[in-house]
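Heads up, work.cif below (mmCIF, C-alpha atoms):
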data_start
#
loop_
_atom_site.label_atom_id
_atom_site.label_comp_id
_atom_site.auth_asym_id
_atom_site.auth_seq_id
_atom_site.Cartn_x
_atom_site.Cartn_y
_atom_site.Cartn_z
CA MET A 4 -65.67 45.73 -59.39
CA GLU A 5 -62.24 45.93 -61.00
CA GLN A 6 -59.42 44.41 -58.96
CA PHE A 7 -55.80 45.53 -58.74
CA ASP A 8 -52.73 44.22 -56.99
CA ILE A 9 -51.55 47.70 -55.92
CA VAL A 10 -53.32 51.05 -56.01
CA ILE A 11 -51.18 54.20 -55.75
CA ILE A 12 -52.85 57.36 -54.45
CA GLY A 13 -51.12 60.43 -55.88
CA SER A 14 -49.21 61.01 -59.12
CA GLY A 15 -46.50 63.37 -57.89
CA PRO A 16 -42.82 62.43 -57.80
CA ALA A 17 -43.55 59.70 -55.23
CA GLY A 18 -46.50 58.11 -57.01
CA LEU A 19 -44.80 58.10 -60.42
CA ALA A 20 -41.57 56.60 -59.06
CA ALA A 21 -43.54 53.90 -57.20
CA ALA A 22 -45.49 53.02 -60.35
CA LEU A 23 -42.32 52.56 -62.42
CA GLU A 24 -40.87 50.26 -59.77
CA ILE A 25 -44.06 48.18 -59.62
CA GLU A 26 -44.24 47.96 -63.42
CA GLN A 27 -41.10 45.83 -63.45
CA SER A 28 -42.86 43.18 -61.36
CA GLY A 29 -45.77 42.72 -63.74
CA LEU A 30 -48.37 43.32 -61.01
CA LYS A 31 -51.62 45.03 -61.97
CA GLN A 32 -51.68 48.61 -60.73
CA ILE A 33 -53.47 51.93 -61.08
CA ILE A 34 -52.61 55.53 -60.05
CA ILE A 35 -55.37 57.69 -58.58
CA GLU A 36 -54.91 61.45 -59.12
CA ARG A 37 -57.35 64.15 -57.99
CA GLU A 38 -56.04 66.83 -60.36
CA ASN A 39 -56.39 66.92 -64.15
CA ARG A 40 -52.63 66.58 -64.69
CA ALA A 41 -50.04 64.28 -63.17
CA GLY A 42 -46.86 65.63 -61.58
CA GLY A 43 -48.04 66.90 -58.21
CA ILE A 44 -46.62 70.12 -56.81
CA LEU A 45 -43.68 69.95 -59.22
CA LYS A 46 -45.89 71.37 -61.98
CA GLN A 47 -45.66 74.84 -60.42
CA CYS A 48 -42.02 74.67 -59.27
CA ILE A 49 -40.40 76.33 -62.27
CA HIS A 50 -37.11 77.06 -60.46
CA ASP A 51 -34.19 74.69 -60.92
CA GLY A 52 -32.24 72.61 -58.40
CA PHE A 53 -34.20 69.36 -58.71
CA GLY A 54 -32.51 66.07 -59.59
CA LEU A 55 -28.99 66.90 -58.41
CA HIS A 56 -28.68 63.59 -56.55
CA ARG A 57 -30.57 61.28 -58.89
CA PHE A 58 -29.71 62.73 -62.31
CA LYS A 59 -26.58 64.76 -61.47
CA LYS A 60 -27.98 67.84 -63.17
CA ARG A 61 -30.12 70.87 -62.34
CA LEU A 62 -33.72 70.41 -63.45
CA THR A 63 -36.85 72.47 -62.93
CA GLY A 64 -39.79 70.83 -61.17
CA PRO A 65 -41.73 70.20 -64.42
CA GLU A 66 -38.60 68.75 -66.06
CA TYR A 67 -38.05 66.36 -63.14
CA ALA A 68 -41.68 65.21 -63.22
CA GLU A 69 -41.63 64.85 -67.01
CA LEU A 70 -38.74 62.37 -66.89
CA PHE A 71 -40.90 60.04 -64.79
CA LEU A 72 -44.22 60.79 -66.46
CA LYS A 73 -42.84 60.08 -69.93
CA ARG A 74 -41.79 56.60 -68.82
CA VAL A 75 -45.15 56.00 -67.10
CA ILE A 76 -46.91 56.84 -70.36
CA GLU A 77 -44.53 54.66 -72.38
CA LYS A 78 -45.21 51.72 -70.05
CA LYS A 79 -48.96 52.40 -70.38
CA ILE A 80 -49.45 52.55 -66.64
CA PRO A 81 -53.06 53.74 -66.16
CA ILE A 82 -53.79 56.96 -64.27
CA TYR A 83 -57.32 57.90 -63.20
CA LYS A 84 -57.23 61.72 -63.25
CA ASN A 85 -59.80 64.08 -61.75
CA THR A 86 -60.59 61.22 -59.39
CA PHE A 87 -61.21 61.54 -55.66
CA VAL A 88 -61.07 58.83 -53.02
CA THR A 89 -64.18 59.17 -50.88
CA GLU A 90 -63.82 56.03 -48.78
CA ILE A 91 -61.48 53.08 -48.19
CA ILE A 92 -62.81 49.99 -46.41
CA GLU A 93 -60.78 46.99 -45.29
CA MET A 94 -62.43 43.79 -46.53
CA GLU A 95 -62.65 40.47 -44.70
CA ASN A 96 -60.09 38.97 -47.11
CA LYS A 97 -57.61 41.69 -46.03
CA SER A 98 -57.89 43.54 -49.34
CA TYR A 99 -59.15 47.14 -49.60
CA ARG A 100 -62.25 48.47 -51.36
CA LEU A 101 -61.92 52.04 -52.58
CA THR A 102 -64.92 54.20 -53.42
CA LEU A 103 -63.95 56.76 -56.07
CA VAL A 104 -65.69 59.58 -57.86
CA ASN A 105 -64.90 61.38 -61.12
CA SER A 106 -66.79 63.18 -63.87
CA GLU A 107 -66.64 60.27 -66.33
CA LYS A 108 -67.56 57.26 -64.20
CA SER A 109 -69.41 59.12 -61.45
CA LEU A 110 -69.27 56.92 -58.31
CA PHE A 111 -67.47 53.59 -58.69
CA GLU A 112 -65.45 51.06 -56.72
CA ILE A 113 -62.19 49.19 -57.15
CA GLU A 114 -60.40 46.63 -54.99
CA ALA A 115 -56.69 46.43 -54.11
CA LYS A 116 -54.48 43.93 -52.33
CA ALA A 117 -52.15 46.78 -51.25
CA LEU A 118 -52.21 50.58 -51.17
CA ILE A 119 -49.38 53.08 -51.49
CA LEU A 120 -50.18 56.49 -50.00
CA ALA A 121 -48.21 58.98 -52.08
CA ASN A 122 -50.54 61.94 -51.64
CA GLY A 123 -47.96 64.48 -50.47
CA CYS A 124 -48.22 67.20 -47.84
CA ARG A 125 -50.10 70.43 -47.21
CA GLU A 126 -49.24 73.89 -45.93
CA ARG A 127 -50.16 75.33 -42.58
CA THR A 128 -52.51 78.29 -42.93
CA ALA A 129 -53.02 81.62 -41.16
CA LYS A 130 -55.69 79.98 -39.00
CA GLN A 131 -53.16 77.46 -37.74
CA VAL A 132 -50.67 80.12 -36.59
CA PHE A 133 -53.29 82.28 -34.85
CA ILE A 134 -52.53 85.71 -36.31
CA GLN A 135 -54.80 88.42 -34.93
CA GLY A 136 -56.95 90.40 -37.36
CA THR A 137 -59.76 90.00 -39.88
CA ARG A 138 -59.62 88.01 -43.11
CA PRO A 139 -58.81 90.56 -45.82
CA ALA A 140 -57.66 89.66 -49.34
CA GLY A 141 -53.91 89.42 -49.76
CA VAL A 142 -53.07 86.61 -47.30
CA TYR A 143 -51.67 83.56 -49.12
CA THR A 144 -49.75 80.45 -48.30
CA ALA A 145 -46.46 80.34 -50.20
CA GLY A 146 -47.70 77.45 -52.34
CA THR A 147 -50.85 79.34 -53.33
CA ALA A 148 -48.83 82.43 -54.20
CA GLN A 149 -46.55 80.18 -56.28
CA TYR A 150 -49.55 78.71 -58.12
CA PHE A 151 -50.96 82.17 -58.89
CA THR A 152 -47.61 83.43 -60.16
CA ASN A 153 -46.29 80.43 -62.06
CA ILE A 154 -49.46 78.73 -63.34
CA LEU A 155 -52.07 81.48 -63.59
CA GLY A 156 -49.67 84.30 -64.44
CA TYR A 157 -51.19 86.51 -61.75
CA LEU A 158 -49.06 88.64 -59.41
CA PRO A 159 -50.74 88.22 -56.00
CA CYS A 160 -49.21 91.34 -54.42
CA LYS A 161 -46.89 94.25 -55.14
CA LYS A 162 -45.40 94.81 -51.68
CA CYS A 163 -45.35 91.90 -49.30
CA VAL A 164 -44.09 90.48 -46.04
CA ILE A 165 -43.18 86.80 -45.87
CA LEU A 166 -43.75 85.01 -42.56
CA GLY A 167 -41.55 81.96 -42.11
CA SER A 168 -38.26 81.03 -43.75
CA GLY A 169 -39.34 77.67 -45.17
CA ASP A 170 -37.97 76.78 -48.58
CA ILE A 171 -41.13 77.65 -50.54
CA GLY A 172 -41.25 81.05 -48.84
CA LEU A 173 -37.60 81.72 -49.70
CA ILE A 174 -38.14 80.68 -53.30
CA MET A 175 -41.22 82.91 -53.54
CA ALA A 176 -39.25 85.86 -52.15
CA ARG A 177 -36.97 85.55 -55.16
CA ARG A 178 -39.80 84.81 -57.60
CA LEU A 179 -41.89 87.81 -56.58
CA THR A 180 -38.84 90.07 -56.72
CA LEU A 181 -38.10 88.89 -60.27
CA GLU A 182 -41.69 89.71 -61.23
CA GLY A 183 -41.32 93.27 -59.94
CA ALA A 184 -42.86 93.00 -56.49
CA LYS A 185 -41.16 94.42 -53.39
CA VAL A 186 -40.43 91.89 -50.63
CA VAL A 187 -40.02 93.96 -47.48
CA GLY A 188 -38.48 91.08 -45.58
CA VAL A 189 -38.74 87.48 -44.42
CA TYR A 190 -39.64 87.12 -40.74
CA GLU A 191 -38.80 83.93 -38.83
CA VAL A 192 -40.06 83.28 -35.30
CA LYS A 193 -37.14 80.98 -34.47
CA ASP A 194 -33.55 82.13 -33.99
CA THR A 195 -32.34 80.02 -36.93
CA PRO A 196 -33.66 79.79 -40.52
CA SER A 197 -36.07 77.00 -41.45
CA GLY A 198 -34.95 76.64 -45.08
CA LEU A 199 -31.92 75.14 -46.78
CA SER A 200 -28.71 77.16 -46.63
CA ARG A 201 -28.49 77.24 -50.42
CA ASN A 202 -31.94 78.86 -50.62
CA ILE A 203 -30.98 81.48 -48.03
CA ALA A 204 -27.99 82.38 -50.20
CA GLN A 205 -29.61 82.15 -53.64
CA CYS A 206 -33.04 83.57 -52.83
CA LEU A 207 -32.38 86.18 -50.15
CA ASP A 208 -28.69 87.15 -50.09
CA ASP A 209 -28.38 87.39 -53.88
CA PHE A 210 -31.38 89.74 -54.04
CA ASP A 211 -30.67 91.78 -50.89
CA ILE A 212 -33.88 90.60 -49.23
CA PRO A 213 -33.51 90.88 -45.44
CA LEU A 214 -34.12 87.94 -43.11
CA TYR A 215 -35.27 88.85 -39.60
CA LEU A 216 -34.86 86.11 -36.98
CA SER A 217 -36.76 85.90 -33.67
CA LYS A 218 -39.53 88.07 -35.12
CA THR A 219 -43.08 87.18 -36.10
CA VAL A 220 -46.27 88.71 -37.45
CA THR A 221 -48.77 89.28 -34.65
CA LYS A 222 -51.53 91.25 -36.38
CA ILE A 223 -52.96 91.86 -39.85
CA HIS A 224 -54.35 95.31 -40.64
CA GLY A 225 -56.90 96.04 -43.33
CA ASP A 226 -60.56 95.51 -44.11
CA LYS A 227 -61.07 94.40 -47.72
CA ARG A 228 -57.35 94.14 -48.48
CA VAL A 229 -54.19 93.80 -46.40
CA GLU A 230 -52.84 97.28 -45.68
CA ALA A 231 -50.15 96.48 -43.11
CA VAL A 232 -48.95 93.92 -40.59
CA THR A 233 -47.56 94.23 -37.09
CA VAL A 234 -44.30 92.40 -36.46
CA GLN A 235 -42.87 91.80 -33.01
CA LYS A 236 -39.73 90.35 -31.46
CA VAL A 237 -39.93 87.11 -29.48
CA ASP A 238 -37.72 85.71 -26.74
CA LEU A 239 -35.99 82.31 -26.67
CA ASN A 240 -39.25 80.72 -25.53
CA LEU A 241 -41.08 82.32 -28.50
CA ASN A 242 -43.02 84.65 -26.22
CA GLN A 243 -43.78 88.08 -27.68
CA ILE A 244 -41.71 90.90 -26.18
CA PRO A 245 -43.90 93.91 -25.25
CA GLY A 246 -42.82 97.24 -26.69
CA THR A 247 -41.13 95.75 -29.79
CA GLU A 248 -44.16 96.10 -32.09
CA GLU A 249 -43.54 97.57 -35.54
CA ILE A 250 -46.18 98.26 -38.20
CA ILE A 251 -45.08 97.53 -41.77
CA ALA A 252 -47.12 98.73 -44.74
CA CYS A 253 -47.81 96.04 -47.36
CA ASP A 254 -50.56 94.68 -49.58
CA GLY A 255 -49.75 91.01 -49.09
CA LEU A 256 -48.71 88.50 -46.44
CA ILE A 257 -47.15 85.25 -47.65
CA LEU A 258 -47.15 82.38 -45.14
CA SER A 259 -44.32 79.86 -45.21
CA VAL A 260 -44.94 78.38 -41.78
CA GLY A 261 -44.41 74.71 -42.38
CA LEU A 262 -45.68 71.62 -44.15
CA VAL A 263 -47.43 68.59 -42.70
CA PRO A 264 -48.09 65.19 -44.34
CA GLU A 265 -51.54 64.82 -45.89
CA ASN A 266 -52.68 62.11 -43.50
CA GLU A 267 -56.50 62.20 -43.58
CA LEU A 268 -56.73 58.95 -45.55
CA ALA A 269 -54.22 57.29 -43.23
CA LYS A 270 -56.19 58.40 -40.18
CA SER A 271 -59.47 57.17 -41.66
CA LEU A 272 -57.89 53.72 -42.03
CA GLY A 273 -56.73 53.64 -38.42
CA VAL A 274 -53.04 53.91 -39.33
CA GLU A 275 -50.80 54.71 -36.36
CA LEU A 276 -49.28 58.20 -36.72
CA ASP A 277 -45.95 59.51 -35.46
CA THR A 278 -46.28 62.59 -33.24
CA HIS A 279 -42.89 63.80 -34.49
CA THR A 280 -43.39 63.57 -38.28
CA LYS A 281 -47.23 63.81 -38.28
CA GLY A 282 -47.12 60.99 -40.83
CA PRO A 283 -47.57 57.22 -40.45
CA MET A 284 -45.34 54.95 -38.38
CA VAL A 285 -43.63 52.52 -40.77
CA ASN A 286 -41.16 49.66 -40.90
CA GLN A 287 -38.14 49.50 -43.23
CA SER A 288 -40.39 48.52 -46.17
CA LEU A 289 -42.44 51.66 -45.38
CA MET A 290 -45.48 49.54 -44.48
CA THR A 291 -47.68 51.23 -41.91
CA SER A 292 -49.33 49.67 -38.87
CA LYS A 293 -52.11 48.48 -41.22
CA GLU A 294 -51.12 45.38 -43.17
CA GLY A 295 -50.78 46.12 -46.89
CA ILE A 296 -50.83 49.92 -46.58
CA PHE A 297 -47.57 51.70 -47.43
CA SER A 298 -46.64 55.38 -47.20
CA CYS A 299 -43.87 57.31 -48.94
CA GLY A 300 -42.60 60.74 -49.94
CA ASN A 301 -44.05 63.79 -48.22
CA ALA A 302 -47.11 61.82 -47.13
CA LEU A 303 -44.75 59.92 -44.83
CA HIS A 304 -42.58 62.82 -43.64
CA VAL A 305 -41.67 66.15 -45.22
CA HIS A 306 -38.54 65.91 -47.37
CA ASP A 307 -36.37 68.83 -48.43
CA LEU A 308 -35.19 67.22 -51.71
CA VAL A 309 -37.42 65.57 -54.30
CA ASP A 310 -34.69 63.02 -55.07
CA PHE A 311 -35.31 61.39 -51.68
CA VAL A 312 -39.07 61.49 -52.26
CA SER A 313 -38.57 59.29 -55.32
CA GLU A 314 -36.17 57.05 -53.42
CA SER A 315 -38.65 56.42 -50.61
CA ALA A 316 -41.38 55.69 -53.17
CA GLU A 317 -39.25 52.96 -54.70
CA ILE A 318 -38.69 51.44 -51.25
CA ALA A 319 -42.45 51.45 -50.60
CA ALA A 320 -43.11 49.93 -54.03
CA LYS A 321 -40.65 47.09 -53.42
CA GLY A 322 -42.31 46.50 -50.06
CA GLY A 323 -45.74 46.45 -51.72
CA ILE A 324 -44.54 43.94 -54.33
CA ARG A 325 -43.15 41.60 -51.66
CA PHE A 326 -46.38 41.91 -49.68
CA VAL A 327 -48.63 41.04 -52.62
CA GLN A 328 -46.44 38.18 -53.82
CA ASN A 329 -45.74 36.72 -50.39
CA LYS A 330 -47.48 38.14 -47.34
CA GLY A 331 -44.66 37.65 -44.87
CA GLU A 332 -44.93 37.66 -41.11
CA GLU A 333 -43.74 40.52 -38.91
CA GLU A 334 -41.68 40.65 -35.75
CA LEU A 335 -41.34 44.35 -35.04
CA ILE A 336 -38.99 46.28 -32.79
CA HIS A 337 -39.03 50.04 -32.25
CA VAL A 338 -36.15 52.27 -33.33
CA GLU A 339 -35.18 54.17 -30.19
CA PHE A 340 -33.56 57.60 -30.34
CA ASP A 341 -32.57 60.49 -28.10
CA GLU A 342 -35.45 62.96 -28.45
CA LYS A 343 -33.24 65.78 -27.17
CA SER A 344 -30.96 65.34 -30.19
CA PHE A 345 -33.23 64.16 -33.03
CA LEU A 346 -36.48 65.59 -34.36
CA TYR A 347 -37.38 62.18 -35.76
CA ILE A 348 -36.10 58.93 -37.24
CA VAL A 349 -37.82 57.11 -40.15
CA PRO A 350 -38.49 54.19 -40.27
CA GLN A 351 -39.71 53.99 -36.71
CA LYS A 352 -39.81 50.18 -36.64
CA ILE A 353 -37.75 47.27 -37.95
CA ASN A 354 -39.29 43.99 -39.07
CA LEU A 355 -36.72 41.42 -37.93
CA LEU A 356 -38.13 38.87 -40.40
CA ASP A 357 -37.53 41.05 -43.45
CA ILE A 358 -33.92 42.28 -43.20
CA GLU A 359 -32.62 41.28 -46.62
CA GLU A 360 -30.92 44.48 -47.77
CA ASN A 361 -29.59 47.80 -46.52
CA ILE A 362 -32.10 49.86 -44.58
CA HIS A 363 -32.43 53.55 -45.46
CA PHE A 364 -32.89 55.80 -42.43
CA TYR A 365 -34.04 59.42 -42.71
CA PHE A 366 -33.62 61.86 -39.82
CA ARG A 367 -33.23 65.47 -38.73
CA SER A 368 -31.35 66.97 -35.80
CA LYS A 369 -33.30 69.00 -33.27
CA LYS A 370 -30.91 71.96 -33.35
CA VAL A 371 -27.87 73.27 -35.21
CA LEU A 372 -24.86 71.12 -34.34
CA LYS A 373 -21.19 71.07 -35.29
CA ASN A 374 -18.70 68.20 -35.22
CA VAL A 375 -20.99 65.41 -34.11
CA SER A 376 -21.30 61.72 -34.91
CA VAL A 377 -24.45 59.73 -35.46
CA VAL A 378 -23.99 56.44 -33.62
CA ILE A 379 -26.23 53.40 -34.01
CA ARG A 380 -25.87 50.74 -31.37
CA THR A 381 -27.51 47.49 -30.42
CA GLY A 382 -27.01 46.70 -26.76
CA ASP A 383 -23.48 47.85 -25.98
CA THR A 384 -22.22 47.25 -29.52
CA ILE A 385 -21.78 50.13 -31.99
CA ILE A 386 -22.86 48.93 -35.46
CA PHE A 387 -22.61 52.22 -37.35
CA LYS A 388 -20.96 55.61 -36.90
CA LYS A 389 -20.81 58.64 -39.19
CA PHE A 390 -19.20 62.02 -38.54
CA TYR A 391 -20.83 65.33 -39.53
CA HIS A 392 -19.11 68.72 -39.55
CA ASN A 393 -22.50 70.47 -39.61
CA MET A 394 -26.04 69.33 -38.93
CA LYS A 395 -29.12 71.56 -39.21
CA PRO A 396 -32.85 70.84 -38.64
CA PRO A 397 -33.90 72.10 -42.12
CA GLU A 398 -31.55 69.68 -43.84
CA MET A 399 -32.72 66.07 -43.74
CA GLU A 400 -29.99 63.46 -43.46
CA THR A 401 -30.07 59.92 -44.80
CA ILE A 402 -27.89 56.90 -44.14
CA SER A 403 -27.98 53.31 -45.38
CA VAL A 404 -27.15 50.52 -42.92
CA ASN A 405 -26.96 46.74 -43.20
CA LEU A 406 -28.56 45.31 -40.05
CA LYS A 407 -28.78 41.68 -41.08
CA ASN A 408 -27.57 39.33 -38.32
CA VAL A 409 -26.22 42.17 -36.14
CA LEU A 410 -29.11 43.20 -33.87
CA GLN A 411 -28.62 42.06 -30.29
CA ASN A 412 -31.39 41.73 -27.71
CA LYS A 413 -33.79 42.93 -30.43
CA GLU A 414 -32.64 46.49 -29.80
CA ILE A 415 -31.56 49.40 -31.98
CA CYS A 416 -30.85 52.93 -30.78
CA PHE A 417 -29.71 56.19 -32.44
CA GLU A 418 -27.49 58.61 -30.51
CA LEU A 419 -25.59 61.82 -31.24
CA LYS A 420 -22.07 62.10 -29.83
CA GLU A 421 -20.20 65.40 -29.84
CA GLY A 422 -16.63 65.63 -31.06
CA VAL A 423 -16.35 62.01 -32.21
CA SER A 424 -14.65 61.63 -35.61
CA THR A 425 -14.57 58.47 -37.68
#
Show me, as structure tokens, the structure contained in the file I just sent.
Amino acid sequence: MEQFDIVIIGSGPAGLAAALEIEQSGLKQIIIERENRAGGILKQCIHDGFGLHRFKKRLTGPEYAELFLKRVIEKKIPIYKNTFVTEIIEMENKSYRLTLVNSEKSLFEIEAKALILANGCRERTAKQVFIQGTRPAGVYTAGTAQYFTNILGYLPCKKCVILGSGDIGLIMARRLTLEGAKVVGVYEVKDTPSGLSRNIAQCLDDFDIPLYLSKTVTKIHGDKRVEAVTVQKVDLNLNQIPGTEEIIACDGLILSVGLVPENELAKSLGVELDTHTKGPMVNQSLMTSKEGIFSCGNALHVHDLVDFVSESAEIAAKGGIRFVQNKGEEELIHVEFDEKSFLYIVPQKINLLDIEENIHFYFRSKKVLKNVSVVIRTGDTIIFKKFYHNMKPPEMETISVNLKNVLQNKEICFELKEGVST
């Protein structure tokens, strides 16, 4: 059984960035990829806007992935493609045995001292949003519609309704319009959009595609193929308002109703999950509750920019390197936050014995806010404060804080204060 220091699961922007970071340490590593090509979801994201933070230029998804993949190939970092993880077992020596399957080696096993889960996220489906009706052809998640259009060259519909204003849905509204399809409208159940402001402007406003807030699809009509959908207004509690039903003729329904971390492997290993992010609970090195297992990118929590996916992967890789080279002890404290103000904070824990550099925090507000300050305190002492003119749930925020020798009473808490300027 071949042994590795670190095994990375997933070769998207997170897995590739982690591998390049690990390569500098000289540790033995391998990337496991279930598809026949590396690059993850970026392969089908042919629109630009990637890399603005990291590379200071507008790249398409394939271009962004290629910059990393080219270096991975140059460094001769091995990637097992078309390979599926069927089982991971924790050994008595605290290493992990992975059972893998692919067409070349059939069933085989490898052993790792540490794992990095970089296996991305998945889309919610029609079944998960409980839309009434049968299962006719013409109902797609936004990612599937993107794959059909950009990879297979197949137009999935000619006249469609898009449910949900997530970023992939907004981008597909523009993409389908450019390919000659008619997008009747984007319907969002909440009273605020779920996607980035720039995508609302560039994908909807620029193409005169209407966005309907506080409206949702309640029924699909059609037998073999979608023929129409019923849309209905909802109140502030998201309850359907009787008498507001409207039937809209279409041959396709595109679902952009949210992403969730791909956490089946994490759950199978007994990793503690966060009810807010749906991904693993981690410390500042992005190590989960299971010693030697790290999580990053969209497998940890859903990011809105790929630049931060790569950044988190590098943090996890550095944590994995330190773990393999020197399995340090942990003294964990929880990061407390006001759940009425924040959707989540990552990392959720701080290892007091491993505060050697700035800690990167990622968070989202729970609602649209103006003129607020994020305040971090320990006990009664404020250790960080940053002012924001605007804060929106779709737009993830990140801050970097040095916490070495400042935490009092082993306590750290995030708060939002209105009208406080720095």
Check your understanding: Pro159 (chain A): which residues within 10 Å, counting only C-alpha atoms, same-chain residues fewer than 3 positions away excluded, as a count of residues only?
Key -> 19
Practice item. Name the closest residue to Leu120 (chain A) among the candidates A:Phe364, A:Phe326, A:Phe297, A:Phe210; distances are taken between atoms, counting all atoms listed in the file. Key: A:Phe297
Practice item. List the residues selected by the PyMOL selection byres ((chain A and resi 394) around 6) in the file shown, writing them as a list of chain:residue names. Key: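 Applying the expression gives A:Val371, A:Leu372, A:Asn393, A:Lys395.
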Export of the given selection (C-alpha atoms) as a CSV table (one decimal), keeping the file's coordinate frame:
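Produced file out.csv, reproduced below:
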chain,number,residue,atom,x,y,z
A,371,VAL,CA,-27.9,73.3,-35.2
A,372,LEU,CA,-24.9,71.1,-34.3
A,393,ASN,CA,-22.5,70.5,-39.6
A,395,LYS,CA,-29.1,71.6,-39.2
Exercise for review: Using the chain letters and residue numbers of this document, give as a ChimeraX atom specification the residues selected by the PyMOL selection byres ((chain A and resi 299) around 6).
Suggested key: /A:121,298,300,302-303,315-316
Practice item. Up to 10 Å from (-61.4, 45.4, -55.8) in the file's coordinates: name the residues, counting all atoms listed in the file, as a ChimeraX atom specification. Key: /A:4-8,10,94,98-102,112-116
Review point. Quick one, how far is CA of Leu268 (chain A) from CA of Arg127 (chain A)?
Key: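 A separation of 17.9 Å between them.
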Region 344-348 of chain A: which residues within 8 Å, counting all atoms listed in the file, same-chain residues fewer than 2 positions away excluded, as a PDB file with C-alpha atoms, in the frame of the given file?
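Saved to result.pdb:
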ATOM      1  CA  HIS A 279     -42.890  63.800 -34.490  1.00  0.00           C
ATOM      2  CA  THR A 280     -43.390  63.570 -38.280  1.00  0.00           C
ATOM      3  CA  VAL A 338     -36.150  52.270 -33.330  1.00  0.00           C
ATOM      4  CA  PHE A 340     -33.560  57.600 -30.340  1.00  0.00           C
ATOM      5  CA  ASP A 341     -32.570  60.490 -28.100  1.00  0.00           C
ATOM      6  CA  GLU A 342     -35.450  62.960 -28.450  1.00  0.00           C
ATOM      7  CA  PRO A 350     -38.490  54.190 -40.270  1.00  0.00           C
ATOM      8  CA  GLN A 351     -39.710  53.990 -36.710  1.00  0.00           C
ATOM      9  CA  PHE A 364     -32.890  55.800 -42.430  1.00  0.00           C
ATOM     10  CA  TYR A 365     -34.040  59.420 -42.710  1.00  0.00           C
ATOM     11  CA  PHE A 366     -33.620  61.860 -39.820  1.00  0.00           C
ATOM     12  CA  ARG A 367     -33.230  65.470 -38.730  1.00  0.00           C
ATOM     13  CA  SER A 368     -31.350  66.970 -35.800  1.00  0.00           C
ATOM     14  CA  LYS A 369     -33.300  69.000 -33.270  1.00  0.00           C
ATOM     15  CA  LYS A 370     -30.910  71.960 -33.350  1.00  0.00           C
ATOM     16  CA  PRO A 396     -32.850  70.840 -38.640  1.00  0.00           C
ATOM     17  CA  GLU A 418     -27.490  58.610 -30.510  1.00  0.00           C
ATOM     18  CA  LEU A 419     -25.590  61.820 -31.240  1.00  0.00           C
TER      19      LEU A 419
END
Review point. Which residues, protein or nucleic acid, reach to within 12 Å of (-40.0, 46.5, -42.4) in the file's coordinates when using all atoms listed in the file, and can you give that as an MDAnalysis selection string?
Key: chainID A and resid 284:292 294:295 297 318:319 321:323 325:326 331:338 349:364 406
For region 195-198 of chain A: contacts at 7 Å, all atoms listed in the file, fewer than 6 positions along chain excluded, given as a JSON list (two decimals) with C-alpha atoms, in the coordinates of the input:
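To be explicit, this is the file written out as selection20.json:
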[["chain", "number", "residue", "atom", "x", "y", "z"],
["A", 168, "SER", "CA", -38.26, 81.03, -43.75],
["A", 169, "GLY", "CA", -39.34, 77.67, -45.17],
["A", 170, "ASP", "CA", -37.97, 76.78, -48.58],
["A", 216, "LEU", "CA", -34.86, 86.11, -36.98],
["A", 397, "PRO", "CA", -33.90, 72.10, -42.12]]
Check your understanding: Hey, what's within 12 Å of region 306-309 of chain A if we count all atoms listed in the file and toss same-chain stuff fewer than 6 positions away? As a PyMOL selection string, please?
Key -> chain A and resi 15-17+20+42-45+48+51-58+62-65+67-68+123-124+169-171+197-202+261-264+280+282+299-300+315-316+349+365-367+396-401
Review point. Between A:Ile119, A:Val192, A:Cys160, A:Ala320, which one has atoms that come closest to Pro283 (chain A), using only C-alpha atoms?
Key: A:Ile119
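Rounded to one decimal, CA of Asn105 (chain A) and CA of Ile34 (chain A) lie 13.7 Å from each other.
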Practice item. Please evaluate the PyMOL selection byres ((chain A and resi 234) around 10) against the structure above and give the resulting residues as an NGL selection string. Key: :A and (164 or 166 or 190 or 218-223 or 231-233 or 235-237 or 243 or 247-251)
Check your understanding: So what do you get for CA of Leu207 (chain A) versus CA of Phe311 (chain A), distance-wise?
Key ->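 Spanning CA of Leu207 (chain A) to CA of Phe311 (chain A) is a straight-line distance of 25.0 Å.
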Check your understanding: Using all atoms listed in the file, which of A:Ile49, A:Ile92, A:Leu23, A:Val186 sits nearest Leu272 (chain A)?
Key ->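 Between A:Ile49, A:Ile92, A:Leu23, A:Val186, the residue approaching Leu272 (chain A) most closely is A:Ile92.
Nearest residue to Asn329 (chain A), choosing from A:Val377, A:Ala21, A:Ala117, A:Leu70 and counting only C-alpha atoms: A:Ala117.
The residue that comes closest to Lys388 (chain A), out of A:Ala176, A:Val187, A:Cys416, A:Leu410 and on the basis of all atoms listed in the file, is A:Cys416.
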Fix up region 28-32 of chain A with N, CA and C atoms, then write it as a tab-separated table (two decimals), keeping the file's coordinate frame.
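What follows is the written file result35.tsv:
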chain	number	residue	atom	x	y	z
A	28	SER	N	-42.43	44.45	-61.96
A	28	SER	CA	-42.86	43.18	-61.36
A	28	SER	C	-43.98	42.51	-62.13
A	29	GLY	N	-44.66	43.27	-62.98
A	29	GLY	CA	-45.77	42.72	-63.74
A	29	GLY	C	-47.09	42.73	-62.99
A	30	LEU	N	-47.12	43.26	-61.78
A	30	LEU	CA	-48.37	43.32	-61.01
A	30	LEU	C	-49.32	44.35	-61.63
A	31	LYS	N	-50.60	44.12	-61.44
A	31	LYS	CA	-51.62	45.03	-61.97
A	31	LYS	C	-51.76	46.22	-61.02
A	32	GLN	N	-51.65	47.41	-61.57
A	32	GLN	CA	-51.68	48.61	-60.73
A	32	GLN	C	-52.47	49.72	-61.39
